[in-house]
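Source file input_6.csv; content: CSV, C-alpha atoms and all ligand atoms.
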```csv
chain,number,residue,atom,x,y,z
Z,8,MET,CA,249.2,96.3,156.3
Z,9,ILE,CA,246.1,98.5,156.7
Z,10,TRP,CA,243.4,98.4,159.4
Z,11,ILE,CA,240.0,98.8,157.7
Z,12,ASP,CA,236.6,97.2,158.3
Z,13,ASP,CA,237.6,95.8,161.6
Z,14,ARG,CA,240.6,93.8,160.3
Z,15,LEU,CA,244.2,94.0,159.2
Z,16,VAL,CA,244.6,93.5,155.5
Z,17,PRO,CA,247.4,93.9,152.9
Z,18,GLU,CA,247.4,97.2,151.2
Z,19,SER,CA,246.3,95.6,147.9
Z,20,GLU,CA,243.1,94.4,149.6
Z,21,ALA,CA,242.2,97.7,151.3
Z,22,SER,CA,239.3,99.6,149.9
Z,23,VAL,CA,236.5,101.9,151.0
Z,24,SER,CA,232.9,102.3,149.9
Z,25,TYR,CA,231.9,105.0,147.5
Z,26,LEU,CA,229.1,105.7,150.0
Z,27,ASP,CA,231.5,106.5,152.8
Z,28,ARG,CA,230.5,109.8,154.4
Z,29,GLY,CA,234.1,110.8,154.8
Z,30,TYR,CA,234.2,111.0,151.0
Z,31,TYR,CA,231.1,113.2,150.5
Z,32,PHE,CA,231.1,115.4,153.6
Z,33,GLY,CA,234.6,115.1,155.2
Z,34,ASP,CA,232.3,113.7,158.0
Z,35,GLY,CA,234.9,112.2,160.3
Z,36,ILE,CA,238.0,112.8,162.5
Z,37,TYR,CA,241.6,111.8,162.5
Z,38,GLU,CA,244.8,111.6,164.5
Z,39,VAL,CA,248.4,111.3,163.6
Z,40,PHE,CA,250.5,109.5,166.3
Z,41,ARG,CA,254.3,109.6,166.4
Z,42,VAL,CA,256.4,106.5,166.8
Z,43,TYR,CA,259.9,106.6,168.2
Z,44,GLY,CA,261.9,103.4,168.7
Z,45,GLY,CA,258.8,101.4,168.0
Z,46,GLN,CA,256.8,103.1,170.8
Z,47,LEU,CA,253.9,105.5,170.5
Z,48,TYR,CA,254.7,109.0,171.8
Z,49,GLU,CA,252.2,110.8,174.0
Z,50,ALA,CA,249.6,108.2,173.1
Z,51,GLU,CA,247.1,109.1,175.9
Z,52,ALA,CA,247.0,112.7,174.8
Z,53,HIS,CA,246.1,111.6,171.2
Z,54,TYR,CA,243.4,109.2,172.5
Z,55,ASP,CA,242.0,112.1,174.7
Z,56,ARG,CA,241.8,114.4,171.7
Z,57,LEU,CA,240.3,111.7,169.4
Z,58,GLU,CA,237.6,111.1,172.0
Z,59,ARG,CA,237.0,114.8,172.3
Z,60,SER,CA,236.8,115.3,168.5
Z,61,ALA,CA,234.4,112.3,168.2
Z,62,GLY,CA,232.2,113.5,171.1
Z,63,ALA,CA,231.9,117.0,169.6
Z,64,ILE,CA,230.6,115.8,166.3
Z,65,GLY,CA,228.3,113.2,167.8
Z,66,LEU,CA,230.4,110.2,166.4
Z,67,ARG,CA,230.5,107.1,168.6
Z,68,LEU,CA,233.9,105.5,168.4
Z,69,PRO,CA,233.6,101.9,167.3
Z,70,TYR,CA,236.4,100.8,169.7
Z,71,THR,CA,237.4,101.4,173.3
Z,72,ARG,CA,240.8,103.0,174.0
Z,73,LYS,CA,242.2,99.6,174.9
Z,74,GLU,CA,241.0,98.2,171.6
Z,75,LEU,CA,242.5,101.1,169.7
Z,76,GLY,CA,245.8,100.4,171.5
Z,77,GLY,CA,245.6,96.8,170.3
Z,78,ILE,CA,245.0,97.9,166.7
Z,79,LEU,CA,247.9,100.3,166.8
Z,80,ARG,CA,250.1,97.6,168.3
Z,81,SER,CA,249.2,95.1,165.6
Z,82,LEU,CA,250.0,97.7,162.9
Z,83,LEU,CA,253.4,98.5,164.4
Z,84,ASP,CA,254.2,94.9,164.8
Z,85,SER,CA,253.1,94.0,161.2
Z,86,GLU,CA,255.3,96.7,159.7
Z,87,GLN,CA,258.2,96.6,162.3
Z,88,VAL,CA,258.2,100.4,162.2
Z,89,GLN,CA,260.9,101.9,164.5
Z,90,ASP,CA,260.6,105.6,163.6
Z,91,GLY,CA,257.5,106.9,161.8
Z,92,SER,CA,253.9,107.7,162.3
Z,93,VAL,CA,250.4,106.2,162.4
Z,94,TYR,CA,247.5,107.8,160.6
Z,95,MET,CA,244.1,106.9,162.0
Z,96,GLN,CA,240.8,108.2,160.7
Z,97,ILE,CA,237.2,107.4,161.7
Z,98,THR,CA,234.3,108.4,159.4
Z,99,ARG,CA,230.6,108.4,160.4
Z,100,GLY,CA,230.2,105.4,158.1
Z,101,VAL,CA,228.6,104.2,154.9
Z,102,ALA,CA,225.1,105.3,154.0
Z,103,PRO,CA,223.2,106.8,151.0
Z,104,ARG,CA,224.1,110.5,150.6
Z,105,ALA,CA,222.0,112.7,153.0
Z,106,HIS,CA,223.4,115.4,155.3
Z,107,ASP,CA,221.8,114.3,158.6
Z,108,PHE,CA,223.2,111.4,160.5
Z,109,PRO,CA,222.3,107.9,159.2
Z,110,ALA,CA,220.7,105.5,161.7
Z,111,GLY,CA,222.3,102.3,162.7
Z,112,VAL,CA,225.5,102.8,160.8
Z,113,ARG,CA,228.9,101.7,162.2
Z,114,PRO,CA,231.7,104.2,161.9
Z,115,VAL,CA,234.6,103.1,159.7
Z,116,LEU,CA,238.1,103.2,161.1
Z,117,LEU,CA,241.1,103.3,158.8
Z,118,ALA,CA,244.6,103.2,160.1
Z,119,TYR,CA,248.1,102.5,158.8
Z,120,CYS,CA,251.7,103.3,159.8
Z,121,THR,CA,254.5,104.8,157.8
Z,122,ALA,CA,258.2,104.8,158.5
Z,123,SER,CA,259.8,108.2,158.4
Z,124,ALA,CA,262.9,109.8,159.9
Z,125,ARG,CA,262.8,112.9,162.1
Z,126,PRO,CA,262.9,116.1,159.9
Z,127,LEU,CA,266.4,116.9,161.2
Z,128,ALA,CA,267.5,119.1,158.3
Z,129,MET,CA,264.4,121.3,158.5
Z,130,MET,CA,264.7,121.5,162.3
Z,131,ARG,CA,268.3,122.8,161.9
Z,132,THR,CA,267.8,125.3,159.0
Z,133,GLY,CA,264.1,126.4,159.5
Z,134,VAL,CA,261.3,127.2,157.1
Z,135,SER,CA,259.8,130.3,155.4
Z,136,VAL,CA,256.2,131.1,155.6
Z,137,ILE,CA,253.6,133.6,154.4
Z,138,THR,CA,250.7,135.1,156.3
Z,139,ARG,CA,247.1,134.7,155.1
Z,140,PRO,CA,243.6,135.2,156.4
Z,141,ASP,CA,242.3,132.1,158.2
Z,142,ILE,CA,239.5,130.9,155.9
Z,143,ARG,CA,238.5,127.9,158.1
Z,144,TRP,CA,235.3,127.3,160.1
Z,145,LEU,CA,234.9,128.1,163.8
Z,146,ARG,CA,235.7,124.7,165.2
Z,147,CYS,CA,239.4,124.5,164.5
Z,148,ASP,CA,239.8,122.7,167.9
Z,149,LEU,CA,238.4,119.5,166.3
Z,150,LYS,CA,240.8,117.4,164.2
Z,151,THR,CA,238.2,116.7,161.4
Z,152,LEU,CA,238.6,115.5,157.8
Z,153,ASN,CA,237.4,118.9,156.5
Z,154,LEU,CA,240.8,120.1,155.5
Z,155,LEU,CA,240.1,122.1,152.3
Z,156,GLY,CA,241.2,125.4,154.0
Z,157,SER,CA,244.6,123.7,154.9
Z,158,VAL,CA,244.9,122.2,151.4
Z,159,LEU,CA,244.4,125.6,149.7
Z,160,ALA,CA,246.8,127.3,152.2
Z,161,LYS,CA,249.6,124.8,151.7
Z,162,GLN,CA,249.2,125.0,147.9
Z,163,GLU,CA,249.4,128.8,148.0
Z,164,ALA,CA,252.5,128.7,150.1
Z,165,LYS,CA,254.1,126.3,147.7
Z,166,GLU,CA,253.2,128.5,144.7
Z,167,GLN,CA,254.8,131.4,146.5
Z,168,GLY,CA,258.0,129.5,147.2
Z,169,ALA,CA,257.2,129.2,150.9
Z,170,ASP,CA,256.9,126.2,153.1
Z,171,ASP,CA,253.7,127.0,155.0
Z,172,VAL,CA,251.1,129.6,155.9
Z,173,ILE,CA,250.6,131.4,159.2
Z,174,TRP,CA,246.9,132.2,159.5
Z,175,HIS,CA,245.3,135.3,161.1
Z,176,ARG,CA,241.7,136.3,161.8
Z,177,ASP,CA,241.3,140.1,161.2
Z,178,GLY,CA,244.9,140.6,162.2
Z,179,THR,CA,245.0,138.2,165.1
Z,180,VAL,CA,247.4,135.3,164.5
Z,181,THR,CA,246.1,131.8,165.0
Z,182,GLU,CA,248.3,128.9,163.8
Z,183,CYS,CA,249.8,127.3,160.7
Z,184,SER,CA,248.1,125.0,158.2
Z,185,ALA,CA,248.8,121.8,160.0
Z,186,SER,CA,250.9,122.9,163.0
Z,187,ASN,CA,250.7,125.3,166.0
Z,188,LEU,CA,252.7,128.5,166.1
Z,189,MET,CA,254.8,130.0,168.9
Z,190,ILE,CA,256.8,133.2,168.8
Z,191,VAL,CA,259.4,134.7,171.2
Z,192,LYS,CA,258.7,138.3,172.0
Z,193,ASP,CA,260.7,140.3,174.6
Z,194,GLY,CA,262.2,136.9,175.7
Z,195,ALA,CA,258.9,135.3,176.4
Z,196,VAL,CA,257.1,132.5,174.4
Z,197,LEU,CA,253.7,133.5,173.1
Z,198,THR,CA,251.0,131.3,171.6
Z,199,HIS,CA,247.3,131.6,170.8
Z,200,PRO,CA,245.1,130.2,173.6
Z,201,ALA,CA,243.7,126.7,173.2
Z,202,ASN,CA,240.1,127.8,172.2
Z,203,HIS,CA,237.9,127.1,169.2
Z,204,LEU,CA,240.2,129.0,166.8
Z,205,ILE,CA,243.2,126.6,166.9
Z,206,LEU,CA,243.9,122.8,167.1
Z,207,HIS,CA,245.0,121.9,170.6
Z,208,GLY,CA,248.3,120.3,169.6
Z,209,VAL,CA,249.8,117.6,171.7
Z,210,THR,CA,253.3,118.9,170.7
Z,211,ARG,CA,252.1,122.5,171.7
Z,212,ALA,CA,251.2,121.1,175.2
Z,213,VAL,CA,254.6,119.3,175.5
Z,214,VAL,CA,256.5,122.5,174.5
Z,215,LEU,CA,254.5,124.6,177.0
Z,216,ARG,CA,255.4,122.1,179.7
Z,217,LEU,CA,259.0,122.3,178.7
Z,218,THR,CA,259.0,126.1,178.9
Z,219,ARG,CA,257.9,125.7,182.6
Z,220,GLU,CA,260.6,123.1,183.3
Z,221,GLN,CA,263.3,125.3,181.6
Z,222,GLY,CA,262.2,128.4,183.4
Z,223,ILE,CA,261.3,130.2,180.1
Z,224,ALA,CA,258.5,132.7,180.4
Z,225,ALA,CA,255.5,131.6,178.3
Z,226,GLU,CA,252.0,132.9,177.9
Z,227,GLU,CA,248.9,131.6,176.1
Z,228,ARG,CA,247.7,134.9,174.7
Z,229,ALA,CA,246.5,136.0,171.3
Z,230,PHE,CA,248.8,138.4,169.4
Z,231,SER,CA,248.7,140.5,166.3
Z,232,LEU,CA,250.4,140.4,162.9
Z,233,GLU,CA,252.4,143.5,164.0
Z,234,THR,CA,253.7,141.6,167.1
Z,235,LEU,CA,254.5,138.7,164.8
Z,236,ALA,CA,256.5,141.0,162.5
Z,237,GLN,CA,258.5,142.1,165.6
Z,238,ALA,CA,259.1,138.6,167.0
Z,239,GLU,CA,262.7,137.7,167.9
Z,240,GLU,CA,262.0,134.1,167.1
Z,241,ALA,CA,259.2,132.0,165.7
Z,242,PHE,CA,258.6,128.3,165.4
Z,243,LEU,CA,255.9,125.8,164.6
Z,244,THR,CA,255.1,122.6,166.6
Z,245,GLY,CA,253.5,119.4,165.4
Z,246,THR,CA,253.6,115.6,165.9
Z,247,THR,CA,255.8,114.8,162.8
Z,248,MET,CA,257.6,118.2,162.7
Z,249,GLU,CA,258.4,118.4,166.4
Z,250,ILE,CA,259.8,122.0,166.7
Z,251,VAL,CA,260.7,123.7,163.4
Z,252,PRO,CA,262.1,127.2,163.4
Z,253,ILE,CA,260.5,129.8,161.1
Z,254,VAL,CA,263.2,132.0,159.7
Z,255,ARG,CA,261.3,134.1,157.2
Z,256,ILE,CA,257.8,135.5,157.3
Z,257,ASP,CA,256.4,137.2,154.1
Z,258,GLY,CA,260.0,137.5,152.8
Z,259,MET,CA,261.4,139.2,155.9
Z,260,PRO,CA,263.9,137.5,158.2
Z,261,VAL,CA,262.7,136.6,161.7
Z,262,GLY,CA,265.3,137.9,164.2
Z,263,GLY,CA,268.7,137.2,162.7
Z,264,GLY,CA,267.1,135.0,160.0
Z,265,VAL,CA,268.5,131.9,161.6
Z,266,PRO,CA,267.0,129.6,164.4
Z,267,GLY,CA,267.1,131.6,167.7
Z,268,PRO,CA,268.4,130.5,171.1
Z,269,VAL,CA,265.0,129.9,172.8
Z,270,THR,CA,263.9,127.7,169.8
Z,271,ARG,CA,267.1,125.7,169.9
Z,272,ARG,CA,266.9,125.3,173.7
Z,273,LEU,CA,263.4,124.0,173.4
Z,274,GLN,CA,264.4,121.6,170.6
Z,275,GLN,CA,267.1,120.2,172.9
Z,276,ALA,CA,264.6,119.8,175.8
Z,277,PHE,CA,262.1,118.2,173.4
Z,278,GLU,CA,264.8,115.7,172.2
Z,279,ALA,CA,265.4,114.8,175.9
Z,280,THR,CA,261.8,113.6,176.2
Z,281,LEU,CA,262.1,111.0,173.4
Z,282,PRO,CA,262.7,107.4,174.3
Z,283,SER,CA,266.4,106.6,173.6
Z,301,LIG,C1,247.4,118.3,164.0
Z,301,LIG,C2,247.4,119.8,163.9
Z,301,LIG,C3,248.3,120.6,164.8
Z,301,LIG,C4,249.4,120.0,165.6
Z,301,LIG,O1,248.9,119.1,166.6
Z,301,LIG,P1,249.9,118.0,167.2
Z,301,LIG,O2,249.0,117.2,168.1
Z,301,LIG,O3,251.0,118.6,167.8
Z,301,LIG,O4,250.3,117.1,166.0
Z,301,LIG,C5,248.2,121.9,164.7
Z,301,LIG,N1,247.3,122.6,163.9
Z,301,LIG,C6,246.5,121.9,163.1
Z,301,LIG,C7,245.6,122.6,162.2
Z,301,LIG,C8,246.5,120.5,163.1
Z,301,LIG,O5,245.7,119.8,162.2
```
As structure tokens - that is how I would like this structure written.
Ligand SMILES: *Cc1c(COP(=O)(O)O)cnc(C)c1O
Amino acid sequence: MIWIDDRLVPESEASVSYLDRGYYFGDGIYEVFRVYGGQLYEAEAHYDRLERSAGAIGLRLPYTRKELGGILRSLLDSEQVQDGSVYMQITRGVAPRAHDFPAGVRPVLLAYCTASARPLAMMRTGVSVITRPDIRWLRCDLKTLNLLGSVLAKQEAKEQGADDVIWHRDGTVTECSASNLMIVKDGAVLTHPANHLILHGVTRAVVLRLTREQGIAAEERAFSLETLAQAEEAFLTGTTMEIVPIVRIDGMPVGGGVPGPVTRRLQQAFEATLPS
């Protein structure tokens, strides 16, 4: 079942207007929620970010947080999903094509859930990545539908036989195409500060909290491509990926070329936060 136009409909009946601004301008925002054991994980943090993204682009959410919770509940119940994710996007609505905001238009919310297992094999063996200039705009803190930069990055990684891209701006490392990046340097976890140059990941925040609980030194500080190349460990964080080790960067092994001890310890600590 799909939530669209204020109701739950079978997939075969779900459609969107050719005048939807999401289609012309990428004029909208989205969230991906994780579901474990039929329960939403860190739901409040995702609602917070959704509200922040909406506010920053002047989009009035068509539902209260409580109503959004009801919509998500009805989706999970209709599909009986135990482990998976919910995709939710809100566009500015349907109106004749013009760049400025249309008057009196109701935003369009689309949401559906998909069953998916945790990426356990990838979490165990790790991924390889390439580094590229960050070609996105300067509001990377907003989870908007303008994802062309990420699309091109992911495709280039694939064509190079890699799994993802690590972005940098003039040599300062930011994040990956759809996840945040952390490295371990001199035993301490480093990650770019949560400013306008990266998406403020919910998983990133959980992992930073876990470093404090585990007594692992961690710093939100920008670092260079040179520091990245000298990292003992590297890993990415994201709602569906959780914590995935990065074992090769631009063809060179990271540390010993296998997931490192700090990464594995954080993976275990993360696992302990999941509903059993
Ligand atoms: C969604 C996203 C992340 C990860 O955020 P989570 O809340 O942990 O899923 C990181 N970077 C980008 C560019 C993203 O779109």
Residues of chain Z within 10 Å of ligand LIG 301 (chain Z): nearest atom pair and distance (Å, one decimal) for each, counting all atoms listed in the file, sorted by chain and number, as JSON lines?
```
{"residue": "Z:Tyr37", "atom": "CA", "partner": "Z:LIG301", "partner_atom": "C1", "distance": 8.8}
{"residue": "Z:Glu38", "atom": "CA", "partner": "Z:LIG301", "partner_atom": "C1", "distance": 7.2}
{"residue": "Z:Val39", "atom": "CA", "partner": "Z:LIG301", "partner_atom": "O4", "distance": 6.6}
{"residue": "Z:Phe40", "atom": "CA", "partner": "Z:LIG301", "partner_atom": "O4", "distance": 7.6}
{"residue": "Z:Arg41", "atom": "CA", "partner": "Z:LIG301", "partner_atom": "O4", "distance": 8.5}
{"residue": "Z:Glu49", "atom": "CA", "partner": "Z:LIG301", "partner_atom": "O2", "distance": 9.3}
{"residue": "Z:Ala52", "atom": "CA", "partner": "Z:LIG301", "partner_atom": "O2", "distance": 8.3}
{"residue": "Z:His53", "atom": "CA", "partner": "Z:LIG301", "partner_atom": "O2", "distance": 7.0}
{"residue": "Z:Arg56", "atom": "CA", "partner": "Z:LIG301", "partner_atom": "O2", "distance": 8.5}
{"residue": "Z:Arg143", "atom": "CA", "partner": "Z:LIG301", "partner_atom": "C7", "distance": 9.8}
{"residue": "Z:Cys147", "atom": "CA", "partner": "Z:LIG301", "partner_atom": "C7", "distance": 6.9}
{"residue": "Z:Asp148", "atom": "CA", "partner": "Z:LIG301", "partner_atom": "C7", "distance": 8.1}
{"residue": "Z:Leu149", "atom": "CA", "partner": "Z:LIG301", "partner_atom": "O5", "distance": 8.4}
{"residue": "Z:Lys150", "atom": "CA", "partner": "Z:LIG301", "partner_atom": "O5", "distance": 5.8}
{"residue": "Z:Thr151", "atom": "CA", "partner": "Z:LIG301", "partner_atom": "O5", "distance": 8.2}
{"residue": "Z:Leu152", "atom": "CA", "partner": "Z:LIG301", "partner_atom": "O5", "distance": 9.4}
{"residue": "Z:Leu154", "atom": "CA", "partner": "Z:LIG301", "partner_atom": "O5", "distance": 8.3}
{"residue": "Z:Gly156", "atom": "CA", "partner": "Z:LIG301", "partner_atom": "C7", "distance": 9.7}
{"residue": "Z:Ser157", "atom": "CA", "partner": "Z:LIG301", "partner_atom": "C7", "distance": 7.4}
{"residue": "Z:Thr181", "atom": "CA", "partner": "Z:LIG301", "partner_atom": "N1", "distance": 9.3}
{"residue": "Z:Glu182", "atom": "CA", "partner": "Z:LIG301", "partner_atom": "N1", "distance": 6.4}
{"residue": "Z:Cys183", "atom": "CA", "partner": "Z:LIG301", "partner_atom": "N1", "distance": 6.2}
{"residue": "Z:Ser184", "atom": "CA", "partner": "Z:LIG301", "partner_atom": "C7", "distance": 5.3}
{"residue": "Z:Ala185", "atom": "CA", "partner": "Z:LIG301", "partner_atom": "C6", "distance": 3.9}
{"residue": "Z:Ser186", "atom": "CA", "partner": "Z:LIG301", "partner_atom": "C5", "distance": 3.3}
{"residue": "Z:Asn187", "atom": "CA", "partner": "Z:LIG301", "partner_atom": "C5", "distance": 4.4}
{"residue": "Z:Leu188", "atom": "CA", "partner": "Z:LIG301", "partner_atom": "C5", "distance": 8.1}
{"residue": "Z:Leu204", "atom": "CA", "partner": "Z:LIG301", "partner_atom": "C7", "distance": 9.6}
{"residue": "Z:Ile205", "atom": "CA", "partner": "Z:LIG301", "partner_atom": "N1", "distance": 6.5}
{"residue": "Z:Leu206", "atom": "CA", "partner": "Z:LIG301", "partner_atom": "N1", "distance": 4.7}
{"residue": "Z:His207", "atom": "CA", "partner": "Z:LIG301", "partner_atom": "O1", "distance": 6.2}
{"residue": "Z:Gly208", "atom": "CA", "partner": "Z:LIG301", "partner_atom": "O1", "distance": 3.3}
{"residue": "Z:Val209", "atom": "CA", "partner": "Z:LIG301", "partner_atom": "O2", "distance": 3.7}
{"residue": "Z:Thr210", "atom": "CA", "partner": "Z:LIG301", "partner_atom": "O3", "distance": 3.7}
{"residue": "Z:Arg211", "atom": "CA", "partner": "Z:LIG301", "partner_atom": "O3", "distance": 5.6}
{"residue": "Z:Ala212", "atom": "CA", "partner": "Z:LIG301", "partner_atom": "O3", "distance": 7.8}
{"residue": "Z:Val213", "atom": "CA", "partner": "Z:LIG301", "partner_atom": "O3", "distance": 8.5}
{"residue": "Z:Val214", "atom": "CA", "partner": "Z:LIG301", "partner_atom": "O3", "distance": 9.5}
{"residue": "Z:Leu243", "atom": "CA", "partner": "Z:LIG301", "partner_atom": "C5", "distance": 8.6}
{"residue": "Z:Thr244", "atom": "CA", "partner": "Z:LIG301", "partner_atom": "O3", "distance": 5.9}
{"residue": "Z:Gly245", "atom": "CA", "partner": "Z:LIG301", "partner_atom": "O3", "distance": 3.6}
{"residue": "Z:Thr246", "atom": "CA", "partner": "Z:LIG301", "partner_atom": "O4", "distance": 3.6}
{"residue": "Z:Thr247", "atom": "CA", "partner": "Z:LIG301", "partner_atom": "O4", "distance": 6.8}
{"residue": "Z:Met248", "atom": "CA", "partner": "Z:LIG301", "partner_atom": "O4", "distance": 8.1}
{"residue": "Z:Glu249", "atom": "CA", "partner": "Z:LIG301", "partner_atom": "O3", "distance": 7.5}
{"residue": "Z:Ile250", "atom": "CA", "partner": "Z:LIG301", "partner_atom": "O3", "distance": 9.5}
```
Spatial neighbours of Leu281 (chain Z), 10 Å, all atoms listed in the file, chain gap at least 3 places, as a VMD selection string | chain Z and resid 42 to 44 46 48 to 49 276 to 278
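Between CA of Leu82 (chain Z) and CA of Leu26 (chain Z) lies a distance of 25.8 Å.
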Sorted by chain and rising residue number, list the residues of region 164-243 of chain Z at most 12 Å from region 264-268 of chain Z (counting all atoms listed in the file), each with its closest atom pair and distance in Å to one decimal, as JSON lines.
```
{"residue": "Z:Ile190", "atom": "CA", "partner": "Z:Gly267", "partner_atom": "CA", "distance": 10.5}
{"residue": "Z:Val191", "atom": "CA", "partner": "Z:Gly267", "partner_atom": "CA", "distance": 9.0}
{"residue": "Z:Lys192", "atom": "CA", "partner": "Z:Gly267", "partner_atom": "CA", "distance": 11.6}
{"residue": "Z:Gly194", "atom": "CA", "partner": "Z:Pro268", "partner_atom": "CA", "distance": 10.0}
{"residue": "Z:Ala195", "atom": "CA", "partner": "Z:Pro268", "partner_atom": "CA", "distance": 11.9}
{"residue": "Z:Val196", "atom": "CA", "partner": "Z:Pro268", "partner_atom": "CA", "distance": 11.9}
{"residue": "Z:Ile223", "atom": "CA", "partner": "Z:Pro268", "partner_atom": "CA", "distance": 11.5}
{"residue": "Z:Ala238", "atom": "CA", "partner": "Z:Gly267", "partner_atom": "CA", "distance": 10.7}
{"residue": "Z:Glu239", "atom": "CA", "partner": "Z:Gly267", "partner_atom": "CA", "distance": 7.5}
{"residue": "Z:Glu240", "atom": "CA", "partner": "Z:Gly267", "partner_atom": "CA", "distance": 5.7}
{"residue": "Z:Ala241", "atom": "CA", "partner": "Z:Gly267", "partner_atom": "CA", "distance": 8.2}
{"residue": "Z:Phe242", "atom": "CA", "partner": "Z:Pro266", "partner_atom": "CA", "distance": 8.6}
{"residue": "Z:Leu243", "atom": "CA", "partner": "Z:Pro266", "partner_atom": "CA", "distance": 11.7}
```
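Between Gly65 (chain Z) and the candidates Z:Ser19, Z:Gln167, Z:Gln162, Z:Thr98, the tightest atom-to-atom separation, counting all atoms listed in the file, involves Z:Thr98.
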At a cut-off of 7 Å from (261.6, 128.1, 156.3) in the coordinates of the file, what residues are picked up using all atoms listed in the file, written as a tab-separated table (two decimals) with C-alpha atoms, keeping the file's coordinate frame?
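What follows is the written file part_33.tsv:
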```tsv
chain	number	residue	atom	x	y	z
Z	133	GLY	CA	264.10	126.40	159.50
Z	134	VAL	CA	261.30	127.20	157.10
Z	135	SER	CA	259.80	130.30	155.40
Z	136	VAL	CA	256.20	131.10	155.60
Z	170	ASP	CA	256.90	126.20	153.10
Z	253	ILE	CA	260.50	129.80	161.10
Z	254	VAL	CA	263.20	132.00	159.70
Z	255	ARG	CA	261.30	134.10	157.20
```
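Our summary of the geometry notes that CA of Arg139 (chain Z) is positioned 19.7 Å from CA of Asn202 (chain Z).
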Exercise: Thr121 (chain Z) partners within 12 Å, all atoms listed in the file, chain neighbours under 2 positions left out, as a list in words =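 Near neighbours after the sequence-gap exclusion: Met8, Ile9, Val39, Phe40, Arg41, Val42, Tyr43, Gly45, Leu82, Leu83, Ser85, Glu86, Gln87, Val88, Gln89, Asp90, Gly91, Ser92, Val93, Tyr94, Met95, Ala118, Tyr119, Ser123, Ala124 and Thr247 of chain Z.
Picture a line from CA of Ala50 (chain Z) to CA of Ala63 (chain Z); it runs 20.1 Å.
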Tyr25 (chain Z) environment, 12 Å, only C-alpha atoms, sequence neighbours closer than 4 positions dropped, as number ranges by chain = Z: 29-31, 100-104
Each residue of region 93-141 of chain Z with at least one atom at most 12 Å from region 224-234 of chain Z should appear once, together with its nearest atom pair and the corresponding distance in Å (one decimal); atoms considered: all atoms listed in the file; ordering: chain, then increasing residue number; output as JSON lines.
```
{"residue": "Z:Ile137", "atom": "CA", "partner": "Z:Leu232", "partner_atom": "CA", "distance": 11.3}
{"residue": "Z:Thr138", "atom": "CA", "partner": "Z:Leu232", "partner_atom": "CA", "distance": 8.5}
{"residue": "Z:Arg139", "atom": "CA", "partner": "Z:Leu232", "partner_atom": "CA", "distance": 10.2}
{"residue": "Z:Pro140", "atom": "CA", "partner": "Z:Leu232", "partner_atom": "CA", "distance": 10.7}
```
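Comparing the minimum interatomic distances between Leu215 (chain Z) and each of Z:Leu235, Z:Leu273, Z:Leu75, Z:Leu159, counting all atoms listed in the file, we find that Z:Leu273 sits nearest.
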May I ask which of the residues Z:Met130, Z:Val269, Z:His203, Z:Ser24 is the closest one to Ser60 (chain Z), counting only C-alpha atoms?
-> Z:His203
Between Z:Arg80, Z:Asp13, Z:Thr179, Z:Glu220, which is the closest to Pro200 (chain Z) once you count only C-alpha atoms?
->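 Among the listed residues, Z:Thr179 lies closest to Pro200 (chain Z).
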Which of these residues is nearest to Thr218 (chain Z), using only C-alpha atoms: Z:Val180, Z:Ala236, Z:Ala160, Z:Met189?
->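 Smallest distance to Thr218 (chain Z) is found for Z:Met189.
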Looking at Z:Ile78, Z:Ile36, Z:Leu116, Z:Val158, which one is nearest to Asp12 (chain Z), with distances taken over all atoms listed in the file?
-> Z:Leu116
Neighbour residues at most 6 Å from (231.8, 109.2, 171.2) (all atoms listed in the file) as a list in words = Ala61, Gly62, Leu66, Arg67 and Leu68 of chain Z
